[in-house]
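Asks: Here you go, protein39.cif (mmCIF, C-alpha atoms and all ligand atoms):
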```cif
data_run
#
loop_
_atom_site.label_atom_id
_atom_site.label_comp_id
_atom_site.auth_asym_id
_atom_site.auth_seq_id
_atom_site.Cartn_x
_atom_site.Cartn_y
_atom_site.Cartn_z
CA MET D 97 127.93 81.47 97.60
CA SER D 98 131.37 83.14 97.77
CA HIS D 99 132.68 80.19 95.74
CA ALA D 100 130.25 80.86 92.92
CA ARG D 101 131.82 80.78 89.45
CA ILE D 102 131.25 83.90 87.41
CA LEU D 103 131.92 84.49 83.72
CA VAL D 104 132.47 88.10 82.61
CA VAL D 105 131.91 88.69 78.90
CA ASP D 106 132.98 92.18 77.71
CA ASP D 107 135.06 93.42 74.80
CA GLU D 108 136.68 96.19 76.88
CA PRO D 109 139.79 94.76 78.58
CA GLY D 110 139.58 97.42 81.34
CA MET D 111 135.99 96.42 82.20
CA ARG D 112 136.83 92.71 82.20
CA GLU D 113 139.76 93.20 84.51
CA GLY D 114 137.88 95.64 86.75
CA CYS D 115 135.08 93.12 87.26
CA ARG D 116 137.55 90.30 87.85
CA ARG D 117 139.31 92.30 90.55
CA ILE D 118 136.15 93.30 92.40
CA LEU D 119 134.59 89.84 92.23
CA SER D 120 137.77 87.88 93.03
CA ALA D 121 138.33 90.05 96.09
CA GLU D 122 134.97 88.75 97.36
CA GLY D 123 136.01 85.13 96.90
CA PHE D 124 134.23 84.46 93.60
CA GLU D 125 135.96 82.39 90.93
CA VAL D 126 136.08 84.56 87.82
CA GLU D 127 136.78 83.84 84.15
CA THR D 128 136.54 86.27 81.28
CA ALA D 129 135.80 86.24 77.56
CA GLU D 130 136.31 89.04 75.05
CA ASP D 131 133.09 88.71 73.00
CA GLY D 132 129.75 86.88 72.89
CA ARG D 133 130.99 83.98 70.76
CA ALA D 134 133.99 83.30 73.02
CA GLY D 135 131.73 83.70 76.07
CA LEU D 136 129.23 81.14 74.77
CA ASP D 137 132.02 78.67 73.86
CA LEU D 138 133.50 78.96 77.35
CA PHE D 139 130.07 78.66 79.00
CA LEU D 140 129.24 75.51 77.03
CA ALA D 141 132.69 73.98 77.50
CA ARG D 142 132.66 74.40 81.29
CA ARG D 143 128.95 74.16 82.02
CA ASN D 144 129.64 75.10 85.62
CA PHE D 145 129.16 78.88 85.76
CA ASP D 146 126.64 80.15 88.28
CA ALA D 147 126.47 83.65 86.85
CA VAL D 148 127.34 85.45 83.62
CA LEU D 149 127.88 89.21 83.34
CA VAL D 150 127.24 90.25 79.76
CA ASP D 151 128.10 93.44 77.91
CA LEU D 152 125.56 94.33 75.22
CA LYS D 153 127.62 95.70 72.35
CA MET D 154 130.32 93.24 71.37
CA PRO D 155 131.80 91.99 68.10
CA ARG D 156 130.90 88.53 66.66
CA MET D 157 127.97 87.95 69.02
CA GLY D 158 126.17 90.69 70.94
CA GLY D 159 124.86 90.44 74.51
CA LEU D 160 121.20 89.92 73.58
CA GLU D 161 122.01 86.90 71.46
CA LEU D 162 124.33 85.52 74.13
CA VAL D 163 121.65 85.90 76.81
CA GLU D 164 119.23 83.94 74.65
CA HIS D 165 121.69 81.13 73.95
CA ILE D 166 122.69 80.73 77.59
CA ARG D 167 119.08 80.83 78.79
CA ARG D 168 118.25 78.01 76.37
CA HIS D 169 121.08 75.84 77.71
CA ASP D 170 120.66 76.64 81.40
CA PRO D 171 117.28 78.00 82.57
CA GLU D 172 118.71 78.71 86.03
CA ALA D 173 121.91 80.57 85.07
CA LEU D 174 122.08 84.06 86.58
CA LEU D 175 122.44 86.52 83.70
CA LEU D 176 123.27 90.17 84.39
CA VAL D 177 123.68 92.75 81.66
CA ILE D 178 126.36 95.43 82.05
CA THR D 179 125.46 98.44 79.98
CA ALA D 180 126.05 102.14 79.38
CA TYR D 181 123.14 104.43 80.27
CA ALA D 182 122.50 105.01 76.59
CA ALA D 183 121.57 101.37 76.07
CA ILE D 184 119.01 101.05 78.88
CA GLU D 185 116.23 100.10 76.44
CA THR D 186 118.28 97.26 75.07
CA ALA D 187 119.02 96.15 78.64
CA VAL D 188 115.29 96.06 79.32
CA GLU D 189 114.91 93.94 76.19
CA ALA D 190 117.63 91.64 77.58
CA THR D 191 115.66 91.10 80.78
CA LYS D 192 112.67 90.15 78.63
CA ARG D 193 114.82 87.51 76.98
CA GLY D 194 115.90 86.02 80.27
CA ALA D 195 118.45 88.31 81.94
CA TYR D 196 117.91 88.79 85.69
CA GLY D 197 118.75 92.50 85.63
CA TYR D 198 121.22 95.09 84.42
CA ILE D 199 124.06 97.10 85.93
CA PRO D 200 124.53 100.55 84.40
CA LYS D 201 128.11 101.60 83.58
CA PRO D 202 130.07 103.10 85.21
CA PHE D 203 129.55 101.39 88.55
CA THR D 204 131.18 101.28 91.97
CA PRO D 205 132.26 97.91 93.44
CA ASP D 206 129.10 97.85 95.60
CA GLU D 207 126.88 98.61 92.62
CA LEU D 208 128.31 95.50 90.97
CA LEU D 209 128.35 93.25 94.03
CA LEU D 210 124.82 93.93 95.24
CA PRO D 211 122.90 92.66 92.19
CA VAL D 212 125.37 89.76 91.82
CA ARG D 213 124.73 88.65 95.42
CA HIS D 214 120.95 89.10 95.14
CA GLY D 215 120.87 87.22 91.86
CA LEU D 216 122.96 84.36 93.24
CA GLU D 217 120.68 84.07 96.27
CA ARG D 218 117.67 83.88 93.98
CA ARG D 219 119.39 81.32 91.81
CA ALA D 220 120.29 79.22 94.86
CA LEU D 221 116.61 79.26 95.87
CA ALA D 222 115.54 78.22 92.37
CA VAL D 223 118.09 75.39 92.34
CA GLU D 224 116.93 74.23 95.77
CA ALA D 225 113.27 74.37 94.70
CA ARG D 226 114.10 72.23 91.67
CA ARG D 227 116.01 69.76 93.83
CA LEU D 228 113.04 69.47 96.18
CA ARG D 229 110.66 69.00 93.25
CA GLN D 230 112.85 66.25 91.84
CA GLU D 231 113.13 64.59 95.24
CA ARG D 232 109.36 64.70 95.67
CA GLU D 233 108.89 63.18 92.23
CA ARG D 234 111.43 60.44 92.95
CA HIS D 235 109.68 59.75 96.24
CA ARG D 236 106.32 59.58 94.48
CA GLN D 237 107.71 57.13 91.92
CA GLU D 238 109.24 54.94 94.62
CA LEU D 239 105.94 54.89 96.49
CA GLU D 240 104.08 54.01 93.32
CA LYS D 241 106.56 51.21 92.63
CA ALA D 242 106.19 49.87 96.17
CA ARG D 243 102.41 49.98 95.82
CA PHE D 244 102.55 48.00 92.59
CA THR D 245 105.03 45.47 93.95
CA PHE D 246 102.80 44.93 96.97
CA LEU D 247 99.72 44.69 94.77
CA SER D 248 101.39 42.19 92.49
CA MET D 249 102.45 40.02 95.45
CA VAL D 250 98.99 40.09 97.03
CA ALA D 251 97.27 39.31 93.74
CA HIS D 252 99.65 36.46 93.09
CA GLU D 253 99.08 34.95 96.53
CA LEU D 254 95.29 35.29 96.20
CA ARG D 255 94.85 33.63 92.86
CA SER D 256 95.65 30.02 93.71
CA PRO D 257 93.56 29.73 96.89
CA LEU D 258 90.64 31.38 95.11
CA ALA D 259 90.90 28.94 92.23
CA ALA D 260 91.00 26.12 94.78
CA ILE D 261 87.86 27.45 96.51
CA GLU D 262 86.09 27.61 93.16
CA GLY D 263 87.16 24.05 92.41
CA CYS D 264 85.84 22.79 95.75
CA LEU D 265 82.51 24.59 95.40
CA ASP D 266 82.17 23.29 91.86
CA ALA D 267 82.80 19.75 93.04
CA VAL D 268 80.24 20.01 95.86
CA LEU D 269 77.64 21.47 93.51
CA ALA D 270 78.21 18.74 90.96
CA SER D 271 78.18 15.77 93.34
CA ALA D 272 75.74 16.61 96.12
CA GLN D 273 72.32 15.60 94.79
CA SER D 274 70.62 16.11 98.12
CA LEU D 275 71.31 19.83 98.39
CA SER D 276 68.28 21.95 99.07
CA GLN D 277 67.42 24.68 96.56
CA GLU D 278 68.50 27.30 99.09
CA ASP D 279 71.87 25.69 99.81
CA ARG D 280 72.52 25.29 96.11
CA ALA D 281 71.74 29.01 95.58
CA LEU D 282 74.12 29.91 98.42
CA LEU D 283 76.95 27.80 97.04
CA ASP D 284 76.30 29.18 93.56
CA ARG D 285 76.63 32.68 94.93
CA ALA D 286 79.82 31.81 96.80
CA LEU D 287 81.21 30.34 93.58
CA ARG D 288 80.47 33.50 91.61
CA ARG D 289 81.93 35.74 94.32
CA ALA D 290 85.11 33.66 94.42
CA GLY D 291 85.27 33.88 90.61
CA ALA D 292 84.88 37.67 90.74
CA LEU D 293 87.65 37.93 93.33
CA ARG D 294 89.95 35.72 91.25
CA ARG D 295 89.31 37.91 88.19
CA MET D 296 90.05 41.01 90.28
CA ALA D 297 93.35 39.45 91.34
CA GLY D 298 93.98 38.69 87.65
CA ASP D 299 93.29 42.36 86.78
CA MET D 300 95.78 43.46 89.41
CA LEU D 301 98.41 41.15 87.98
CA SER D 302 97.74 42.36 84.42
CA LEU D 303 97.97 45.98 85.47
CA THR D 304 101.23 45.47 87.34
CA ALA D 305 102.61 43.58 84.33
CA LEU D 306 101.52 46.45 82.05
CA GLN D 307 103.11 48.94 84.39
CA ALA D 308 106.37 47.04 84.32
CA GLY D 309 106.22 46.69 80.51
CA ASN D 310 105.93 42.89 80.82
CA PHE D 311 102.52 42.47 79.22
CA ILE D 312 102.46 40.77 75.84
CA LEU D 313 99.35 40.79 73.65
CA ARG D 314 98.47 37.45 72.06
CA ARG D 315 96.56 38.61 69.02
CA GLU D 316 94.16 36.38 67.15
CA ARG D 317 91.21 36.84 64.81
CA LEU D 318 88.09 37.44 66.89
CA ALA D 319 84.45 38.16 66.11
CA PRO D 320 83.49 41.25 68.18
CA ASP D 321 79.81 40.22 68.31
CA ALA D 322 80.66 36.83 69.83
CA LEU D 323 83.08 38.42 72.26
CA LEU D 324 80.43 40.83 73.52
CA ARG D 325 77.85 38.05 73.93
CA GLU D 326 80.38 36.01 75.87
CA ALA D 327 81.11 38.90 78.26
CA LEU D 328 77.42 39.62 78.60
CA ALA D 329 76.52 36.03 79.46
CA ALA D 330 78.98 36.05 82.35
CA HIS D 331 77.13 38.97 83.99
CA GLU D 332 73.51 37.99 83.47
CA THR D 333 73.05 36.43 86.89
CA ALA D 334 74.70 39.33 88.73
CA ALA D 335 72.47 41.82 86.89
CA ALA D 336 69.33 39.80 87.60
CA GLU D 337 70.27 39.44 91.25
CA LYS D 338 70.53 43.20 91.54
CA GLY D 339 67.22 43.75 89.77
CA LEU D 340 68.77 45.30 86.65
CA THR D 341 67.94 44.82 83.01
CA LEU D 342 71.04 43.82 81.06
CA HIS D 343 70.25 44.25 77.40
CA LEU D 344 72.14 43.58 74.18
CA GLU D 345 70.98 46.58 72.22
CA ARG D 346 72.87 46.16 69.01
CA SER D 347 75.27 43.58 67.65
CA ASP D 348 76.43 44.42 64.17
CA GLY D 349 80.17 44.80 64.57
CA PRO D 350 82.74 44.07 61.87
CA PRO D 351 83.20 40.37 61.07
CA GLU D 352 86.54 40.28 62.77
CA ILE D 353 89.21 42.19 64.61
CA GLU D 354 92.71 41.15 65.49
CA ALA D 355 92.97 41.26 69.26
CA ASP D 356 93.92 39.46 72.45
CA HIS D 357 90.87 37.49 73.55
CA ASP D 358 91.55 37.52 77.30
CA ALA D 359 92.51 41.19 77.29
CA LEU D 360 89.32 42.26 75.49
CA ARG D 361 87.22 39.97 77.62
CA CYS D 362 88.75 41.71 80.62
CA VAL D 363 87.98 45.17 79.14
CA LEU D 364 84.32 44.37 78.44
CA SER D 365 83.88 42.53 81.73
CA ASN D 366 85.24 45.44 83.70
CA LEU D 367 82.90 47.88 81.99
CA ILE D 368 79.81 45.69 82.38
CA ASP D 369 80.79 44.87 85.96
CA ASN D 370 81.10 48.58 86.78
CA ALA D 371 77.80 49.38 85.06
CA ILE D 372 76.10 46.79 87.28
CA LYS D 373 77.97 47.91 90.42
CA TYR D 374 77.18 51.59 90.01
CA THR D 375 73.53 51.31 88.89
CA PRO D 376 70.83 51.07 91.56
CA ALA D 377 68.13 48.37 91.42
CA GLY D 378 65.55 48.90 88.72
CA GLY D 379 68.10 50.44 86.36
CA ARG D 380 69.27 49.34 82.96
CA VAL D 381 72.55 48.43 81.33
CA ASN D 382 72.65 48.48 77.52
CA VAL D 383 75.58 47.01 75.63
CA SER D 384 76.21 47.17 71.91
CA VAL D 385 78.82 46.74 69.23
CA ARG D 386 78.74 48.30 65.77
CA HIS D 387 80.95 48.66 62.71
CA GLU D 388 82.04 52.23 62.11
CA GLU D 389 84.74 53.44 59.70
CA ASN D 390 87.07 50.46 60.04
CA SER D 391 86.49 50.29 63.76
CA ALA D 392 84.62 47.99 66.06
CA VAL D 393 82.79 50.31 68.45
CA PHE D 394 81.69 48.75 71.73
CA GLN D 395 79.42 50.64 74.07
CA VAL D 396 78.38 49.95 77.65
CA ALA D 397 75.73 52.41 78.87
CA ASP D 398 74.00 52.45 82.23
CA THR D 399 71.32 54.47 83.96
CA GLY D 400 73.32 54.54 87.20
CA ILE D 401 74.81 57.11 89.55
CA GLY D 402 76.95 58.74 86.84
CA MET D 403 80.04 60.86 87.42
CA SER D 404 80.79 64.56 87.82
CA ASP D 405 83.20 66.25 85.37
CA ASP D 406 85.94 66.09 87.95
CA GLU D 407 85.38 62.37 88.59
CA GLN D 408 85.39 61.70 84.86
CA ALA D 409 88.72 63.48 84.54
CA HIS D 410 90.26 61.01 87.02
CA ALA D 411 88.19 57.89 86.36
CA PHE D 412 90.99 56.18 84.41
CA ASP D 413 93.73 57.01 86.94
CA GLU D 414 95.15 54.12 88.91
CA PHE D 415 93.56 53.74 92.37
CA PHE D 416 90.91 56.39 91.67
CA ARG D 417 87.54 55.84 93.34
CA ALA D 418 84.82 58.50 93.38
CA ARG D 419 83.99 59.88 96.82
CA ASN D 420 80.27 59.22 96.79
CA PRO D 421 78.27 56.96 99.13
CA ALA D 422 77.46 54.52 96.32
CA SER D 423 81.13 54.01 95.45
CA ALA D 424 82.17 53.86 99.11
CA SER D 425 79.72 51.03 99.79
CA THR D 426 80.73 49.12 96.64
CA PRO D 427 83.85 46.97 96.82
CA GLY D 428 86.51 47.94 94.31
CA THR D 429 90.19 48.68 93.83
CA GLY D 430 90.11 51.70 91.52
CA LEU D 431 92.22 49.72 89.06
CA GLY D 432 89.61 48.41 86.61
CA LEU D 433 89.32 51.46 84.38
CA ALA D 434 93.08 52.07 84.43
CA LEU D 435 93.49 48.55 83.12
CA VAL D 436 90.73 49.06 80.54
CA ARG D 437 92.41 52.12 79.11
CA ARG D 438 95.86 50.58 78.97
CA LEU D 439 94.63 47.40 77.30
CA VAL D 440 92.57 49.31 74.74
CA GLU D 441 95.47 51.62 73.93
CA LEU D 442 97.78 48.63 73.59
CA HIS D 443 95.41 47.44 70.84
CA GLY D 444 95.69 50.82 69.11
CA GLY D 445 92.17 51.78 70.21
CA SER D 446 90.62 54.50 72.34
CA VAL D 447 88.18 54.86 75.22
CA ALA D 448 85.64 57.66 75.65
CA LEU D 449 83.35 58.40 78.54
CA THR D 450 80.23 60.53 78.73
CA SER D 451 78.48 60.80 82.04
CA ALA D 452 76.55 63.09 84.35
CA PRO D 453 75.65 62.70 88.02
CA ASP D 454 72.44 60.65 88.44
CA ALA D 455 72.06 60.43 84.67
CA GLY D 456 74.16 57.34 83.96
CA SER D 457 77.44 56.72 82.16
CA THR D 458 78.36 55.54 78.68
CA PHE D 459 81.76 54.04 77.94
CA THR D 460 82.72 53.75 74.27
CA ILE D 461 85.63 51.63 73.09
CA SER D 462 86.87 51.92 69.50
CA LEU D 463 89.20 49.26 68.19
CA PRO D 464 90.76 49.07 64.73
CA ALA D 465 88.75 46.53 62.75
CA ARG D 466 91.35 45.68 60.16
CA PRO D 467 94.15 43.36 61.15
CA ILE D 468 96.96 45.46 62.60
CA SER D 469 100.51 44.64 61.71
CA ALA D 470 103.11 44.44 64.50
P1 LIG M 501 86.54 50.18 91.00
O1 LIG M 501 87.24 48.92 91.35
O2 LIG M 501 86.49 51.15 92.13
O3 LIG M 501 85.20 49.97 90.37
P2 LIG M 501 87.38 51.32 88.45
O4 LIG M 501 88.73 51.72 88.02
O5 LIG M 501 86.68 50.30 87.65
O6 LIG M 501 87.53 50.89 89.96
O7 LIG M 501 86.49 52.63 88.51
C1 LIG M 501 87.00 53.78 89.15
C2 LIG M 501 85.88 54.60 89.76
O8 LIG M 501 85.11 55.20 88.71
C3 LIG M 501 84.90 53.79 90.57
O9 LIG M 501 85.33 53.64 91.91
C4 LIG M 501 83.63 54.63 90.48
O10 LIG M 501 83.67 55.68 91.43
C5 LIG M 501 83.73 55.24 89.08
N1 LIG M 501 82.97 54.47 88.08
C6 LIG M 501 83.43 53.53 87.25
N2 LIG M 501 82.46 53.06 86.44
C7 LIG M 501 81.35 53.76 86.76
C8 LIG M 501 79.99 53.75 86.29
N3 LIG M 501 79.59 52.94 85.29
N4 LIG M 501 79.12 54.62 86.85
C9 LIG M 501 79.51 55.47 87.84
N5 LIG M 501 80.77 55.51 88.35
C10 LIG M 501 81.68 54.67 87.81
#
```
Can you present the structure in this file as structure tokens?
Ligand code: ADP
Replies:
Amino acid sequence: MSHARILVVDDEPGMREGCRRILSAEGFEVETAEDGRAGLDLFLARRNFDAVLVDLKMPRMGGLELVEHIRRHDPEALLLVITAYAAIETAVEATKRGAYGYIPKPFTPDELLLPVRHGLERRALAVEARRLRQERERHRQELEKARFTFLSMVAHELRSPLAAIEGCLDAVLASAQSLSQEDRALLDRALRRAGALRRMAGDMLSLTALQAGNFILRRERLAPDALLREALAAHETAAAEKGLTLHLERSDGPPEIEADHDALRCVLSNLIDNAIKYTPAGGRVNVSVRHEENSAVFQVADTGIGMSDDEQAHAFDEFFRARNPASASTPGTGLGLALVRRLVELHGGSVALTSAPDAGSTFTISLPARPISA
């Protein structure tokens, strides 16, 4: 701390020199300026002062203005106002604008050194706290990056074997005439599970690509109604197996939107898949699409377990999974909704969620219906 650099800004030469002497004798590096303007110029040119002692009444630029300028450029700079007793109110005003404290004139060497030392200690703590915060943030980002790299590797390695398994099961189902009804049902189920896993791996890859800024939308003209029916058809068996009613409630979307087919398919699939996963047997999943003010509005509503306000606030965060027994016993990565939001936003659209515990959830996706340039 004794090597701290201090700038003394005062228009009285005697005061400047007095401060320099006292502070230098303690090992501080001291520079001086004769008014606020010169002080600010020196502060900005060097950018390495730890503390600035500021007189209030000075020509060209007064102390209050100088305090404000310096505070704006360096939120951690230690600013101390040197003032005559008569100007105590202004000194109080200076502390409101960012000065650490004030030293009434005249002062003894100790009366100058004490607040300077205290202020520098406080500043050192603030600087250290910021350094720790930055380090923590860097650490968090590194961890996040490592997680995504790992995820991307795993997803990549999973995709090909899963596709191969699907291919084999497909071949057996197509060629083996003698299969019993039960065996066929088992193989069918295995095929669908492998397909779901492969799509999950695909989601992981898309999300990691989005995260890395490597995801490119391939836009084409699509009919929202057809897209919804396609996504719905892929989930009919899963819904029936779980004893749920999967219902197309409304299908009067705009004739076309300009969007990436696979990306939107992934968005709708994730939402319908979740609705099925988080709705107990006997429940209902309603899907719809409608045309509303130049938007295609998709909705996936379920009568499932729903989400608390807190869960809703985090539902779209990467890796978030609600801490309830139903979610714990349901396989998932916590990446689906994060991917949904990113893909929808990439299309210039938005996602909304309304939900309540045990009262079901409704996800609403709005996408621009007119072709988007770019
Ligand atoms: P997961 O792979 O866990 O399903 P998602 O990102 O799709 O990941 O969803 C995040 C979490 O949000 C889920 O783990 C679940 O707790 C909650 N959630 C998502 N959709 C629903 C829903 N329709 N009903 C109730 N909870 C849901």
Asks: Show me, as a VMD selection string, the residues that have an atom within 8 Å of Val150 (chain D) when counting only C-alpha atoms, minus same-chain residues fewer than 2 positions from it.
Replies: chain D and resid 104 to 106 148 152 159 162 to 163 175 to 178
Asks: Got time to write the residues from that selection, C-alpha atoms, as a compact mmCIF listing (two decimals), in the frame of the given file?
Replies:
```
# COMPACT_ATOMS: atom_id res chain seq x y z
CA VAL D 104 132.47 88.10 82.61
CA VAL D 105 131.91 88.69 78.90
CA ASP D 106 132.98 92.18 77.71
CA VAL D 148 127.34 85.45 83.62
CA LEU D 152 125.56 94.33 75.22
CA GLY D 159 124.86 90.44 74.51
CA LEU D 162 124.33 85.52 74.13
CA VAL D 163 121.65 85.90 76.81
CA LEU D 175 122.44 86.52 83.70
CA LEU D 176 123.27 90.17 84.39
CA VAL D 177 123.68 92.75 81.66
CA ILE D 178 126.36 95.43 82.05
```
Asks: Got a sec to check which residues lie within 6 Å of ligand LIG 501 (chain M), using all atoms listed in the file, and send them as JSON, numbers by chain?
Replies: {"D": [370, 371, 374, 400, 401, 402, 403, 411, 416, 417, 418, 423, 428, 429, 430, 431, 432, 433, 434, 457]}
Asks: Just how far from CA of Arg133 (chain D) is CA of Glu217 (chain D), in Å to one decimal?
Replies: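 Value for the CA of Glu217 (chain D)-CA of Arg133 (chain D) distance: 27.5 Å.
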Asks: Using only C-alpha atoms, which protein or nucleic acid residues come within 10 Å of region 326-341 of chain D? Drop anything in the same chain fewer than 3 positions from it, and give the result as a PyMOL selection string.
Replies: chain D and resi 285+288-289+320-323+344+360-369+371-373+375-383+398-399
Asks: Just to confirm, what's the straight-line distance from CA of Leu209 (chain D) to CA of Glu122 (chain D) in Å (one decimal)?
Replies: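 Pair CA of Leu209 (chain D) / CA of Glu122 (chain D) returns 8.7 Å.
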Asks: For Leu303 (chain D), which of D:Asp107, D:Glu414, D:Asp151, D:Glu185 is the closest residue, counting all atoms listed in the file?
Replies: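 Counting all atoms listed in the file, the residue closest to Leu303 (chain D) is D:Glu414.
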Asks: Can you work out the spacing between CA of Phe459 (chain D) and CA of Val447 (chain D) in Å, to one decimal?
Replies: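 Separation of CA of Phe459 (chain D) and CA of Val447 (chain D): 7.0 Å.
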Asks: Pull the neighbourhood of (82.8, 41.0, 69.2) for me: all residues within 9 Å in file coordinates, counting only C-alpha atoms, as a list in words.
Replies: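 Final list of nearby residues, as requested, is Leu318, Ala319, Pro320, Asp321, Ala322, Leu323, Leu324, Arg325, Glu326, Ser347, Asp348, Gly349, Pro350, Pro351, Glu352, Ile353, Val385, Ala392 and Phe394 of chain D.
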Asks: Within 10 Å of Leu140 (chain D), counting all atoms listed in the file, which residues qualify if same-chain residues fewer than 6 places away don't, as a CSV table (one decimal) with C-alpha atoms, in the coordinates of the input?
Replies:
```csv
chain,number,residue,atom,x,y,z
D,134,ALA,CA,134.0,83.3,73.0
D,165,HIS,CA,121.7,81.1,74.0
D,166,ILE,CA,122.7,80.7,77.6
D,169,HIS,CA,121.1,75.8,77.7
D,170,ASP,CA,120.7,76.6,81.4
```
Asks: Need to verify the contact set: Ser302 (chain D), 12 Å, all atoms listed in the file, exclusion of same-chain residues closer than 6 positions in sequence. Can you return it as a PyMOL selection string?
Replies: chain D and resi 244+247-248+251-252+295-296+308-313+358-359+362-363+431-432+434-436+438-439
Asks: If we count all atoms listed in the file, what is near region 115-117 of chain D at a cut-off of 8 Å, once residues fewer than 2 positions away on the same chain are taken out, given as a ChimeraX atom specification?
Replies: /D:104,111-113,119-121,126-128
Asks: Ranking D:Asp137, D:Glu354, D:Asp284, D:Glu407 by minimum distance to Asp266 (chain D) and counting all atoms listed in the file, which one comes first?
Replies: D:Asp284
Asks: With distances taken over all atoms listed in the file, which residue among D:Pro427, D:Ser446, D:Leu160, D:Gln307 lies nearest Lys241 (chain D)?
Replies: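 Looking at the shortest contact to Lys241 (chain D), the residue is D:Gln307.
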